[in-house]
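Raw coords.txt, compact mmCIF, N, CA and C atoms:
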```
# COMPACT_ATOMS: atom_id res chain seq x y z
N MET Q 539 23.97 4.32 -5.40
CA MET Q 539 22.58 4.00 -5.67
C MET Q 539 21.92 5.21 -6.30
N ASN Q 540 21.20 5.00 -7.37
CA ASN Q 540 20.55 6.07 -8.11
C ASN Q 540 19.28 6.53 -7.39
N ASP Q 541 19.06 7.85 -7.35
CA ASP Q 541 17.84 8.39 -6.73
C ASP Q 541 16.57 7.85 -7.38
N PHE Q 542 16.67 7.58 -8.68
CA PHE Q 542 15.52 7.03 -9.38
C PHE Q 542 15.97 5.79 -10.13
N ALA Q 543 15.38 4.68 -9.80
CA ALA Q 543 15.67 3.43 -10.48
C ALA Q 543 14.33 2.77 -10.79
N LEU Q 544 13.99 2.74 -12.06
CA LEU Q 544 12.67 2.29 -12.48
C LEU Q 544 12.38 0.84 -12.10
N LEU Q 545 13.32 -0.05 -12.30
CA LEU Q 545 13.06 -1.47 -12.05
C LEU Q 545 12.70 -1.77 -10.59
N PRO Q 546 13.49 -1.31 -9.61
CA PRO Q 546 13.08 -1.59 -8.23
C PRO Q 546 11.76 -0.93 -7.85
N VAL Q 547 11.54 0.28 -8.35
CA VAL Q 547 10.28 0.98 -8.02
C VAL Q 547 9.10 0.22 -8.62
N LEU Q 548 9.22 -0.22 -9.86
CA LEU Q 548 8.15 -1.01 -10.47
C LEU Q 548 7.94 -2.33 -9.73
N ALA Q 549 9.02 -2.99 -9.37
CA ALA Q 549 8.91 -4.27 -8.65
C ALA Q 549 8.28 -4.07 -7.27
N GLY Q 550 8.70 -3.01 -6.57
CA GLY Q 550 8.11 -2.72 -5.26
C GLY Q 550 6.63 -2.37 -5.38
N THR Q 551 6.29 -1.61 -6.41
CA THR Q 551 4.89 -1.26 -6.66
C THR Q 551 4.08 -2.51 -6.97
N LEU Q 552 4.63 -3.39 -7.78
CA LEU Q 552 3.94 -4.63 -8.11
C LEU Q 552 3.73 -5.48 -6.86
N ALA Q 553 4.71 -5.53 -5.97
CA ALA Q 553 4.57 -6.29 -4.72
C ALA Q 553 3.42 -5.72 -3.88
N PHE Q 554 3.38 -4.40 -3.75
CA PHE Q 554 2.31 -3.74 -3.00
C PHE Q 554 0.96 -4.04 -3.65
N PHE Q 555 0.90 -3.94 -4.97
CA PHE Q 555 -0.33 -4.16 -5.71
C PHE Q 555 -0.81 -5.61 -5.56
N LEU Q 556 0.12 -6.56 -5.60
CA LEU Q 556 -0.25 -7.97 -5.44
C LEU Q 556 -0.76 -8.26 -4.02
N VAL Q 557 -0.18 -7.60 -3.04
CA VAL Q 557 -0.71 -7.72 -1.67
C VAL Q 557 -2.16 -7.26 -1.65
N GLY Q 558 -2.44 -6.15 -2.32
CA GLY Q 558 -3.82 -5.64 -2.38
C GLY Q 558 -4.75 -6.61 -3.08
N ALA Q 559 -4.28 -7.24 -4.15
CA ALA Q 559 -5.11 -8.21 -4.87
C ALA Q 559 -5.46 -9.39 -3.97
N LEU Q 560 -4.49 -9.87 -3.23
CA LEU Q 560 -4.74 -10.97 -2.29
C LEU Q 560 -5.60 -10.51 -1.13
N TRP Q 561 -5.29 -9.35 -0.59
CA TRP Q 561 -5.96 -8.82 0.59
C TRP Q 561 -7.46 -8.62 0.35
N TYR Q 562 -7.76 -7.91 -0.74
CA TYR Q 562 -9.15 -7.56 -1.02
C TYR Q 562 -9.86 -8.56 -1.92
N GLY Q 563 -9.11 -9.39 -2.62
CA GLY Q 563 -9.73 -10.34 -3.53
C GLY Q 563 -9.88 -11.73 -2.96
N LEU Q 564 -9.02 -12.09 -2.03
CA LEU Q 564 -9.03 -13.46 -1.53
C LEU Q 564 -9.21 -13.52 -0.02
N ILE Q 565 -8.42 -12.76 0.70
CA ILE Q 565 -8.40 -12.89 2.16
C ILE Q 565 -9.57 -12.17 2.83
N PHE Q 566 -9.80 -10.90 2.49
CA PHE Q 566 -10.80 -10.10 3.18
C PHE Q 566 -11.91 -9.58 2.26
N ALA Q 567 -12.16 -10.24 1.14
CA ALA Q 567 -13.13 -9.73 0.16
C ALA Q 567 -14.49 -9.46 0.78
N LYS Q 568 -15.09 -10.46 1.38
CA LYS Q 568 -16.45 -10.29 1.93
C LYS Q 568 -16.48 -9.40 3.17
N PRO Q 569 -15.57 -9.59 4.16
CA PRO Q 569 -15.60 -8.68 5.31
C PRO Q 569 -15.37 -7.23 4.91
N TRP Q 570 -14.47 -6.99 3.95
CA TRP Q 570 -14.23 -5.63 3.50
C TRP Q 570 -15.47 -5.06 2.83
N GLN Q 571 -16.10 -5.85 1.98
CA GLN Q 571 -17.31 -5.39 1.26
C GLN Q 571 -18.41 -5.03 2.26
N ARG Q 572 -18.61 -5.87 3.27
CA ARG Q 572 -19.63 -5.58 4.29
C ARG Q 572 -19.28 -4.31 5.07
N ALA Q 573 -18.03 -4.21 5.50
CA ALA Q 573 -17.61 -3.05 6.29
C ALA Q 573 -17.68 -1.76 5.47
N ALA Q 574 -17.40 -1.86 4.19
CA ALA Q 574 -17.47 -0.69 3.31
C ALA Q 574 -18.91 -0.36 2.93
N GLY Q 575 -19.83 -1.29 3.17
CA GLY Q 575 -21.24 -1.05 2.84
C GLY Q 575 -21.51 -1.05 1.35
N LEU Q 576 -20.78 -1.87 0.61
CA LEU Q 576 -20.93 -1.92 -0.84
C LEU Q 576 -21.64 -3.20 -1.28
N THR Q 577 -22.58 -3.05 -2.19
CA THR Q 577 -23.27 -4.21 -2.76
C THR Q 577 -22.45 -4.75 -3.94
N ASN Q 578 -22.78 -5.95 -4.38
CA ASN Q 578 -22.10 -6.52 -5.55
C ASN Q 578 -22.28 -5.64 -6.78
N SER Q 579 -23.49 -5.11 -6.95
CA SER Q 579 -23.74 -4.26 -8.12
C SER Q 579 -22.94 -2.96 -8.03
N GLN Q 580 -22.77 -2.42 -6.84
CA GLN Q 580 -21.96 -1.21 -6.70
C GLN Q 580 -20.49 -1.49 -7.04
N LEU Q 581 -20.00 -2.65 -6.62
CA LEU Q 581 -18.62 -3.01 -6.93
C LEU Q 581 -18.42 -3.20 -8.43
N GLN Q 582 -19.40 -3.74 -9.09
CA GLN Q 582 -19.30 -4.00 -10.53
C GLN Q 582 -19.53 -2.74 -11.37
N ALA Q 583 -20.13 -1.72 -10.77
CA ALA Q 583 -20.46 -0.50 -11.51
C ALA Q 583 -19.26 0.39 -11.76
N GLY Q 584 -18.21 0.24 -10.99
CA GLY Q 584 -17.05 1.11 -11.14
C GLY Q 584 -16.23 0.77 -12.37
N ASN Q 585 -15.46 1.74 -12.83
CA ASN Q 585 -14.54 1.54 -13.95
C ASN Q 585 -13.28 0.89 -13.38
N MET Q 586 -13.22 -0.45 -13.45
CA MET Q 586 -12.15 -1.19 -12.80
C MET Q 586 -10.78 -0.87 -13.40
N GLY Q 587 -10.71 -0.64 -14.69
CA GLY Q 587 -9.43 -0.27 -15.30
C GLY Q 587 -8.89 1.02 -14.71
N LEU Q 588 -9.77 2.00 -14.57
CA LEU Q 588 -9.37 3.28 -13.99
C LEU Q 588 -9.00 3.12 -12.52
N ILE Q 589 -9.80 2.39 -11.78
CA ILE Q 589 -9.56 2.18 -10.34
C ILE Q 589 -8.21 1.49 -10.13
N PHE Q 590 -7.99 0.37 -10.83
CA PHE Q 590 -6.74 -0.35 -10.67
C PHE Q 590 -5.55 0.45 -11.19
N GLY Q 591 -5.74 1.14 -12.30
CA GLY Q 591 -4.67 1.96 -12.86
C GLY Q 591 -4.24 3.07 -11.92
N LEU Q 592 -5.21 3.76 -11.34
CA LEU Q 592 -4.88 4.84 -10.40
C LEU Q 592 -4.29 4.29 -9.10
N ALA Q 593 -4.81 3.15 -8.64
CA ALA Q 593 -4.24 2.53 -7.44
C ALA Q 593 -2.77 2.20 -7.67
N PHE Q 594 -2.46 1.62 -8.84
CA PHE Q 594 -1.08 1.30 -9.17
C PHE Q 594 -0.23 2.57 -9.25
N ALA Q 595 -0.77 3.61 -9.86
CA ALA Q 595 -0.04 4.88 -9.98
C ALA Q 595 0.24 5.49 -8.60
N PHE Q 596 -0.74 5.47 -7.71
CA PHE Q 596 -0.53 6.00 -6.36
C PHE Q 596 0.50 5.17 -5.60
N GLU Q 597 0.42 3.84 -5.75
CA GLU Q 597 1.40 2.99 -5.08
C GLU Q 597 2.80 3.22 -5.66
N MET Q 598 2.87 3.51 -6.95
CA MET Q 598 4.16 3.80 -7.56
C MET Q 598 4.72 5.11 -7.02
N LEU Q 599 3.87 6.08 -6.81
CA LEU Q 599 4.31 7.35 -6.22
C LEU Q 599 4.88 7.11 -4.82
N ILE Q 600 4.22 6.27 -4.05
CA ILE Q 600 4.73 5.91 -2.73
C ILE Q 600 6.10 5.26 -2.87
N GLY Q 601 6.22 4.34 -3.83
CA GLY Q 601 7.49 3.67 -4.06
C GLY Q 601 8.59 4.62 -4.49
N LEU Q 602 8.26 5.58 -5.33
CA LEU Q 602 9.25 6.57 -5.76
C LEU Q 602 9.78 7.38 -4.58
N VAL Q 603 8.88 7.78 -3.70
CA VAL Q 603 9.30 8.57 -2.54
C VAL Q 603 10.17 7.73 -1.60
N LEU Q 604 9.72 6.51 -1.33
CA LEU Q 604 10.50 5.64 -0.44
C LEU Q 604 11.87 5.32 -1.05
N TRP Q 605 11.89 4.99 -2.33
CA TRP Q 605 13.18 4.68 -2.97
C TRP Q 605 14.12 5.89 -2.93
N HIS Q 606 13.58 7.07 -3.17
CA HIS Q 606 14.39 8.30 -3.13
C HIS Q 606 15.01 8.48 -1.74
N LEU Q 607 14.21 8.29 -0.71
CA LEU Q 607 14.74 8.45 0.66
C LEU Q 607 15.80 7.41 0.96
N ILE Q 608 15.58 6.19 0.50
CA ILE Q 608 16.57 5.13 0.70
C ILE Q 608 17.86 5.47 -0.05
N ALA Q 609 17.72 5.94 -1.28
CA ALA Q 609 18.89 6.29 -2.08
C ALA Q 609 19.69 7.41 -1.44
N ARG Q 610 18.98 8.37 -0.85
CA ARG Q 610 19.65 9.53 -0.25
C ARG Q 610 20.34 9.20 1.07
N THR Q 611 19.81 8.23 1.81
CA THR Q 611 20.34 7.94 3.15
C THR Q 611 21.19 6.68 3.20
N ASP Q 612 21.05 5.79 2.20
CA ASP Q 612 21.80 4.54 2.11
C ASP Q 612 21.79 3.75 3.44
N PRO Q 613 20.60 3.45 3.95
CA PRO Q 613 20.53 2.76 5.24
C PRO Q 613 20.78 1.26 5.11
N PRO Q 614 21.09 0.61 6.23
CA PRO Q 614 21.19 -0.86 6.22
C PRO Q 614 19.80 -1.48 6.01
N PRO Q 615 19.76 -2.76 5.63
CA PRO Q 615 18.47 -3.40 5.30
C PRO Q 615 17.40 -3.29 6.38
N HIS Q 616 17.77 -3.45 7.65
CA HIS Q 616 16.74 -3.38 8.69
C HIS Q 616 16.14 -1.98 8.78
N VAL Q 617 16.92 -0.96 8.45
CA VAL Q 617 16.41 0.41 8.47
C VAL Q 617 15.49 0.66 7.27
N VAL Q 618 15.80 0.02 6.13
CA VAL Q 618 14.89 0.11 4.98
C VAL Q 618 13.51 -0.41 5.39
N MET Q 619 13.49 -1.54 6.08
CA MET Q 619 12.20 -2.09 6.52
C MET Q 619 11.55 -1.18 7.55
N MET Q 620 12.35 -0.60 8.44
CA MET Q 620 11.79 0.34 9.41
C MET Q 620 11.19 1.56 8.72
N MET Q 621 11.85 2.02 7.65
CA MET Q 621 11.32 3.17 6.90
C MET Q 621 10.00 2.80 6.23
N ALA Q 622 9.96 1.64 5.59
CA ALA Q 622 8.74 1.21 4.90
C ALA Q 622 7.59 1.05 5.88
N LEU Q 623 7.84 0.37 6.98
CA LEU Q 623 6.79 0.18 7.99
C LEU Q 623 6.48 1.49 8.71
N GLY Q 624 7.48 2.35 8.84
CA GLY Q 624 7.25 3.67 9.44
C GLY Q 624 6.34 4.53 8.58
N PHE Q 625 6.51 4.46 7.25
CA PHE Q 625 5.59 5.16 6.34
C PHE Q 625 4.17 4.69 6.61
N ALA Q 626 4.01 3.36 6.68
CA ALA Q 626 2.67 2.80 6.87
C ALA Q 626 2.10 3.19 8.23
N GLY Q 627 2.87 2.89 9.28
CA GLY Q 627 2.37 3.11 10.64
C GLY Q 627 2.37 4.54 11.10
N GLY Q 628 3.25 5.35 10.54
CA GLY Q 628 3.38 6.73 11.01
C GLY Q 628 2.72 7.77 10.13
N VAL Q 629 2.40 7.41 8.88
CA VAL Q 629 1.81 8.39 7.96
C VAL Q 629 0.52 7.85 7.34
N MET Q 630 0.61 6.73 6.65
CA MET Q 630 -0.53 6.24 5.87
C MET Q 630 -1.70 5.81 6.74
N ILE Q 631 -1.43 5.00 7.75
CA ILE Q 631 -2.51 4.49 8.60
C ILE Q 631 -3.15 5.60 9.42
N PRO Q 632 -2.38 6.49 10.05
CA PRO Q 632 -3.03 7.60 10.74
C PRO Q 632 -3.85 8.49 9.79
N ALA Q 633 -3.37 8.68 8.56
CA ALA Q 633 -4.11 9.51 7.60
C ALA Q 633 -5.46 8.89 7.28
N ILE Q 634 -5.49 7.58 7.01
CA ILE Q 634 -6.80 6.98 6.73
C ILE Q 634 -7.65 6.94 8.00
N GLY Q 635 -6.99 6.79 9.16
CA GLY Q 635 -7.74 6.80 10.42
C GLY Q 635 -8.47 8.12 10.64
N ILE Q 636 -7.78 9.22 10.40
CA ILE Q 636 -8.40 10.54 10.53
C ILE Q 636 -9.57 10.67 9.56
N ASN Q 637 -9.33 10.28 8.32
CA ASN Q 637 -10.36 10.35 7.30
C ASN Q 637 -11.58 9.51 7.68
N TYR Q 638 -11.34 8.28 8.14
CA TYR Q 638 -12.43 7.38 8.50
C TYR Q 638 -13.20 7.88 9.71
N LEU Q 639 -12.53 8.56 10.64
CA LEU Q 639 -13.25 9.12 11.79
C LEU Q 639 -14.31 10.12 11.33
N PHE Q 640 -13.93 11.02 10.45
CA PHE Q 640 -14.87 12.03 9.97
C PHE Q 640 -15.92 11.45 9.03
N LEU Q 641 -15.57 10.39 8.33
CA LEU Q 641 -16.55 9.73 7.45
C LEU Q 641 -17.44 8.75 8.21
N ARG Q 642 -17.15 8.56 9.49
CA ARG Q 642 -17.91 7.64 10.35
C ARG Q 642 -17.83 6.20 9.83
N LYS Q 643 -16.64 5.82 9.34
CA LYS Q 643 -16.45 4.46 8.84
C LYS Q 643 -16.23 3.51 10.02
N PRO Q 644 -16.64 2.25 9.87
CA PRO Q 644 -16.50 1.30 10.98
C PRO Q 644 -15.04 0.89 11.24
N LEU Q 645 -14.79 0.50 12.48
CA LEU Q 645 -13.46 0.06 12.89
C LEU Q 645 -12.99 -1.12 12.04
N THR Q 646 -13.89 -2.02 11.70
CA THR Q 646 -13.52 -3.18 10.89
C THR Q 646 -12.90 -2.75 9.57
N LEU Q 647 -13.51 -1.77 8.92
CA LEU Q 647 -12.98 -1.28 7.65
C LEU Q 647 -11.60 -0.67 7.85
N PHE Q 648 -11.45 0.10 8.90
CA PHE Q 648 -10.15 0.70 9.21
C PHE Q 648 -9.09 -0.37 9.42
N LEU Q 649 -9.41 -1.39 10.19
CA LEU Q 649 -8.43 -2.44 10.47
C LEU Q 649 -8.03 -3.21 9.22
N ILE Q 650 -9.00 -3.51 8.36
CA ILE Q 650 -8.70 -4.21 7.11
C ILE Q 650 -7.81 -3.34 6.23
N ASP Q 651 -8.18 -2.09 6.05
CA ASP Q 651 -7.40 -1.20 5.19
C ASP Q 651 -6.03 -0.89 5.79
N ALA Q 652 -5.97 -0.69 7.10
CA ALA Q 652 -4.68 -0.44 7.75
C ALA Q 652 -3.76 -1.65 7.60
N GLY Q 653 -4.31 -2.83 7.74
CA GLY Q 653 -3.52 -4.05 7.55
C GLY Q 653 -2.96 -4.14 6.15
N HIS Q 654 -3.78 -3.75 5.17
CA HIS Q 654 -3.30 -3.76 3.78
C HIS Q 654 -2.12 -2.83 3.60
N PHE Q 655 -2.20 -1.62 4.15
CA PHE Q 655 -1.09 -0.68 4.02
C PHE Q 655 0.16 -1.20 4.73
N LEU Q 656 0.00 -1.80 5.89
CA LEU Q 656 1.14 -2.31 6.64
C LEU Q 656 1.82 -3.47 5.90
N VAL Q 657 1.04 -4.43 5.45
CA VAL Q 657 1.61 -5.58 4.74
C VAL Q 657 2.13 -5.16 3.37
N GLY Q 658 1.40 -4.27 2.68
CA GLY Q 658 1.86 -3.79 1.37
C GLY Q 658 3.18 -3.06 1.46
N MET Q 659 3.33 -2.22 2.46
CA MET Q 659 4.59 -1.50 2.63
C MET Q 659 5.71 -2.44 3.06
N ALA Q 660 5.40 -3.46 3.83
CA ALA Q 660 6.42 -4.46 4.18
C ALA Q 660 6.89 -5.19 2.92
N ALA Q 661 5.96 -5.51 2.04
CA ALA Q 661 6.32 -6.17 0.78
C ALA Q 661 7.19 -5.25 -0.07
N MET Q 662 6.81 -3.99 -0.18
CA MET Q 662 7.60 -3.03 -0.96
C MET Q 662 9.00 -2.89 -0.35
N GLY Q 663 9.06 -2.74 0.96
CA GLY Q 663 10.35 -2.62 1.64
C GLY Q 663 11.22 -3.85 1.41
N GLY Q 664 10.61 -5.04 1.46
CA GLY Q 664 11.36 -6.27 1.22
C GLY Q 664 11.93 -6.32 -0.18
N VAL Q 665 11.15 -5.88 -1.15
CA VAL Q 665 11.63 -5.83 -2.53
C VAL Q 665 12.79 -4.84 -2.65
N PHE Q 666 12.69 -3.71 -2.00
CA PHE Q 666 13.76 -2.72 -2.05
C PHE Q 666 15.04 -3.24 -1.40
N VAL Q 667 14.89 -3.96 -0.30
CA VAL Q 667 16.07 -4.58 0.34
C VAL Q 667 16.71 -5.57 -0.63
N TRP Q 668 15.88 -6.37 -1.28
CA TRP Q 668 16.39 -7.38 -2.22
C TRP Q 668 17.15 -6.72 -3.38
N PHE Q 669 16.62 -5.63 -3.90
CA PHE Q 669 17.27 -4.95 -5.02
C PHE Q 669 18.57 -4.29 -4.60
N ARG Q 670 18.69 -3.91 -3.36
CA ARG Q 670 19.90 -3.23 -2.89
C ARG Q 670 21.02 -4.21 -2.58
N ASN Q 671 20.70 -5.48 -2.41
CA ASN Q 671 21.74 -6.50 -2.10
C ASN Q 671 22.36 -7.06 -3.35
```
As structure tokens, how would this structure be written, given the file I've shared?
Amino acid sequence: MNDFALLPVLAGTLAFFLVGALWYGLIFAKPWQRAAGLTNSQLQAGNMGLIFGLAFAFEMLIGLVLWHLIARTDPPPHVVMMMALGFAGGVMIPAIGINYLFLRKPLTLFLIDAGHFLVGMAAMGGVFVWFRN
């Protein structure tokens, strides 16, 4: 298995990104907006191309790191999923939790965002398992 494989990393990134589109666009759009304290005009004021482009780039960086670790360790499929969910539960979610504590963000926002990271990383891990089989 190659340390860097563009197709699985792009596919895993796309899976994570699509989870975010569903999560924030369809499933939790209004609760997230309320918890974040954003008005419709504030949401529309941002440069959406830049926001989505950078989000995709950051998710791709996550995918590159996870794929590299998988390539280096060659774990069985269940361990790939444990690694993906471990990234979310052991690194990403605690990091946003710490940040949100100091920013005085509401628990609802934390739970919505933490759920996105958990489900997004599960999707990425699933794609990586699929590519390895």
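Separating atom N of Q:Ala593 from atom N of Q:Pro615 is a distance of 29.0 Å.
Relative to atom C of Q:Arg642, atom CA of Q:Arg572 is found at 13.1 Å.
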| How far is it from atom C of Q:Arg610 to atom N of Q:Ala661, in Å with one decimal? | 20.6 Å
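Proximity of Q:Leu592, Q:Ile565, Q:Met598, Q:Leu604 to Q:Met621, computed with all atoms listed in the file, is greatest for Q:Leu604.
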| task | Within 10 Å of Q:Met630, counting only C-alpha atoms, which residues show up once you throw out same-chain ones fewer than 3 positions away? Write them as number ranges by chain, please. | result | Q: 623-627, 633-635, 652, 655-656, 659
7 Å contact set for Q:Met662, all atoms listed in the file, chain neighbours under 2 positions out, as a JSON list (two decimals) with N, CA and C atoms, keeping the file's coordinate frame:
```json
[["chain", "number", "residue", "atom", "x", "y", "z"],
["Q", 549, "ALA", "N", 9.02, -2.99, -9.37],
["Q", 549, "ALA", "CA", 8.91, -4.27, -8.65],
["Q", 549, "ALA", "C", 8.28, -4.07, -7.27],
["Q", 550, "GLY", "N", 8.70, -3.01, -6.57],
["Q", 550, "GLY", "CA", 8.11, -2.72, -5.26],
["Q", 550, "GLY", "C", 6.63, -2.37, -5.38],
["Q", 551, "THR", "N", 6.29, -1.61, -6.41],
["Q", 551, "THR", "CA", 4.89, -1.26, -6.66],
["Q", 551, "THR", "C", 4.08, -2.51, -6.97],
["Q", 553, "ALA", "N", 4.71, -5.53, -5.97],
["Q", 553, "ALA", "CA", 4.57, -6.29, -4.72],
["Q", 553, "ALA", "C", 3.42, -5.72, -3.88],
["Q", 554, "PHE", "N", 3.38, -4.40, -3.75],
["Q", 554, "PHE", "CA", 2.31, -3.74, -3.00],
["Q", 554, "PHE", "C", 0.96, -4.04, -3.65],
["Q", 622, "ALA", "N", 9.96, 1.64, 5.59],
["Q", 622, "ALA", "CA", 8.74, 1.21, 4.90],
["Q", 622, "ALA", "C", 7.59, 1.05, 5.88],
["Q", 657, "VAL", "N", 1.04, -4.43, 5.45],
["Q", 657, "VAL", "CA", 1.61, -5.58, 4.74],
["Q", 657, "VAL", "C", 2.13, -5.16, 3.37],
["Q", 658, "GLY", "N", 1.40, -4.27, 2.68],
["Q", 658, "GLY", "CA", 1.86, -3.79, 1.37],
["Q", 658, "GLY", "C", 3.18, -3.06, 1.46],
["Q", 659, "MET", "N", 3.33, -2.22, 2.46],
["Q", 659, "MET", "CA", 4.59, -1.50, 2.63],
["Q", 659, "MET", "C", 5.71, -2.44, 3.06],
["Q", 660, "ALA", "N", 5.40, -3.46, 3.83],
["Q", 660, "ALA", "CA", 6.42, -4.46, 4.18],
["Q", 660, "ALA", "C", 6.89, -5.19, 2.92],
["Q", 664, "GLY", "N", 10.61, -5.04, 1.46],
["Q", 664, "GLY", "CA", 11.36, -6.27, 1.22],
["Q", 664, "GLY", "C", 11.93, -6.32, -0.18],
["Q", 665, "VAL", "N", 11.15, -5.88, -1.15],
["Q", 665, "VAL", "CA", 11.63, -5.83, -2.53],
["Q", 665, "VAL", "C", 12.79, -4.84, -2.65],
["Q", 666, "PHE", "N", 12.69, -3.71, -2.00],
["Q", 666, "PHE", "CA", 13.76, -2.72, -2.05],
["Q", 666, "PHE", "C", 15.04, -3.24, -1.40],
["Q", 667, "VAL", "N", 14.89, -3.96, -0.30],
["Q", 667, "VAL", "CA", 16.07, -4.58, 0.34],
["Q", 667, "VAL", "C", 16.71, -5.57, -0.63]]
```
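If you measure from each of Q:Leu645, Q:Ile600, Q:Ala573, Q:Ile631 to Q:Phe555 using only C-alpha atoms, the closest one turns out to be Q:Ile600.
For the point (-5.8, -10.2, 4.7), the residues with at least one atom inside 8 Å, counting all atoms listed in the file, are Val557, Leu560, Trp561, Tyr562, Leu564, Ile565, Phe566, Ala567, Ile650, Gly653 and His654 of chain Q.
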For the residues in the current selection, export N, CA and C atoms as a PDB file, in the frame of the given file.
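Listing of selection10.pdb after writing:
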```pdb
ATOM      1  N   VAL Q 557      -0.180  -7.600  -3.040  1.00  0.00           N
ATOM      2  CA  VAL Q 557      -0.710  -7.720  -1.670  1.00  0.00           C
ATOM      3  C   VAL Q 557      -2.160  -7.260  -1.650  1.00  0.00           C
ATOM      4  N   LEU Q 560      -4.490  -9.870  -3.230  1.00  0.00           N
ATOM      5  CA  LEU Q 560      -4.740 -10.970  -2.290  1.00  0.00           C
ATOM      6  C   LEU Q 560      -5.600 -10.510  -1.130  1.00  0.00           C
ATOM      7  N   TRP Q 561      -5.290  -9.350  -0.590  1.00  0.00           N
ATOM      8  CA  TRP Q 561      -5.960  -8.820   0.590  1.00  0.00           C
ATOM      9  C   TRP Q 561      -7.460  -8.620   0.350  1.00  0.00           C
ATOM     10  N   TYR Q 562      -7.760  -7.910  -0.740  1.00  0.00           N
ATOM     11  CA  TYR Q 562      -9.150  -7.560  -1.020  1.00  0.00           C
ATOM     12  C   TYR Q 562      -9.860  -8.560  -1.920  1.00  0.00           C
ATOM     13  N   LEU Q 564      -9.020 -12.090  -2.030  1.00  0.00           N
ATOM     14  CA  LEU Q 564      -9.030 -13.460  -1.530  1.00  0.00           C
ATOM     15  C   LEU Q 564      -9.210 -13.520  -0.020  1.00  0.00           C
ATOM     16  N   ILE Q 565      -8.420 -12.760   0.700  1.00  0.00           N
ATOM     17  CA  ILE Q 565      -8.400 -12.890   2.160  1.00  0.00           C
ATOM     18  C   ILE Q 565      -9.570 -12.170   2.830  1.00  0.00           C
ATOM     19  N   PHE Q 566      -9.800 -10.900   2.490  1.00  0.00           N
ATOM     20  CA  PHE Q 566     -10.800 -10.100   3.180  1.00  0.00           C
ATOM     21  C   PHE Q 566     -11.910  -9.580   2.260  1.00  0.00           C
ATOM     22  N   ALA Q 567     -12.160 -10.240   1.140  1.00  0.00           N
ATOM     23  CA  ALA Q 567     -13.130  -9.730   0.160  1.00  0.00           C
ATOM     24  C   ALA Q 567     -14.490  -9.460   0.780  1.00  0.00           C
ATOM     25  N   ILE Q 650      -9.000  -3.510   8.360  1.00  0.00           N
ATOM     26  CA  ILE Q 650      -8.700  -4.210   7.110  1.00  0.00           C
ATOM     27  C   ILE Q 650      -7.810  -3.340   6.230  1.00  0.00           C
ATOM     28  N   GLY Q 653      -4.310  -2.830   7.740  1.00  0.00           N
ATOM     29  CA  GLY Q 653      -3.520  -4.050   7.550  1.00  0.00           C
ATOM     30  C   GLY Q 653      -2.960  -4.140   6.150  1.00  0.00           C
ATOM     31  N   HIS Q 654      -3.780  -3.750   5.170  1.00  0.00           N
ATOM     32  CA  HIS Q 654      -3.300  -3.760   3.780  1.00  0.00           C
ATOM     33  C   HIS Q 654      -2.120  -2.830   3.600  1.00  0.00           C
TER      34      HIS Q 654
END
```
Could you check which residues have any atom within 6.5 Å of (23.8, -0.4, 0.0), counting all atoms listed in the file with coordinates taken straight from the file, and then list them as a short mmCIF file (atom, residue, chain, number, x, y, z; two decimals) with N, CA and C atoms, keeping the file's coordinate frame?
```cif
data_model
loop_
_atom_site.label_atom_id
_atom_site.label_comp_id
_atom_site.auth_asym_id
_atom_site.auth_seq_id
_atom_site.Cartn_x
_atom_site.Cartn_y
_atom_site.Cartn_z
N ASP Q 612 21.05 5.79 2.20
CA ASP Q 612 21.80 4.54 2.11
C ASP Q 612 21.79 3.75 3.44
N PRO Q 613 20.60 3.45 3.95
CA PRO Q 613 20.53 2.76 5.24
C PRO Q 613 20.78 1.26 5.11
N ARG Q 670 18.69 -3.91 -3.36
CA ARG Q 670 19.90 -3.23 -2.89
C ARG Q 670 21.02 -4.21 -2.58
N ASN Q 671 20.70 -5.48 -2.41
CA ASN Q 671 21.74 -6.50 -2.10
C ASN Q 671 22.36 -7.06 -3.35
#
```
Give me the residues within 9 Å of Q:Thr646 as a JSON list (two decimals) with N, CA and C atoms, in the coordinates of the input, counting only C-alpha atoms and dropping any in the same chain fewer than 2 places off.
```json
[["chain", "number", "residue", "atom", "x", "y", "z"],
["Q", 569, "PRO", "N", -15.57, -9.59, 4.16],
["Q", 569, "PRO", "CA", -15.60, -8.68, 5.31],
["Q", 569, "PRO", "C", -15.37, -7.23, 4.91],
["Q", 570, "TRP", "N", -14.47, -6.99, 3.95],
["Q", 570, "TRP", "CA", -14.23, -5.63, 3.50],
["Q", 570, "TRP", "C", -15.47, -5.06, 2.83],
["Q", 573, "ALA", "N", -18.03, -4.21, 5.50],
["Q", 573, "ALA", "CA", -17.61, -3.05, 6.29],
["Q", 573, "ALA", "C", -17.68, -1.76, 5.47],
["Q", 574, "ALA", "N", -17.40, -1.86, 4.19],
["Q", 574, "ALA", "CA", -17.47, -0.69, 3.31],
["Q", 574, "ALA", "C", -18.91, -0.36, 2.93],
["Q", 643, "LYS", "N", -16.64, 5.82, 9.34],
["Q", 643, "LYS", "CA", -16.45, 4.46, 8.84],
["Q", 643, "LYS", "C", -16.23, 3.51, 10.02],
["Q", 644, "PRO", "N", -16.64, 2.25, 9.87],
["Q", 644, "PRO", "CA", -16.50, 1.30, 10.98],
["Q", 644, "PRO", "C", -15.04, 0.89, 11.24],
["Q", 648, "PHE", "N", -11.45, 0.10, 8.90],
["Q", 648, "PHE", "CA", -10.15, 0.70, 9.21],
["Q", 648, "PHE", "C", -9.09, -0.37, 9.42],
["Q", 649, "LEU", "N", -9.41, -1.39, 10.19],
["Q", 649, "LEU", "CA", -8.43, -2.44, 10.47],
["Q", 649, "LEU", "C", -8.03, -3.21, 9.22],
["Q", 650, "ILE", "N", -9.00, -3.51, 8.36],
["Q", 650, "ILE", "CA", -8.70, -4.21, 7.11],
["Q", 650, "ILE", "C", -7.81, -3.34, 6.23],
["Q", 651, "ASP", "N", -8.18, -2.09, 6.05],
["Q", 651, "ASP", "CA", -7.40, -1.20, 5.19],
["Q", 651, "ASP", "C", -6.03, -0.89, 5.79]]
```
| field | For Q:Asp541: contacts at 8 Å, all atoms listed in the file, fewer than 6 positions along chain excluded, given as JSON, numbers by chain | value | {"Q": [602, 605, 606, 607, 608, 609, 610]}
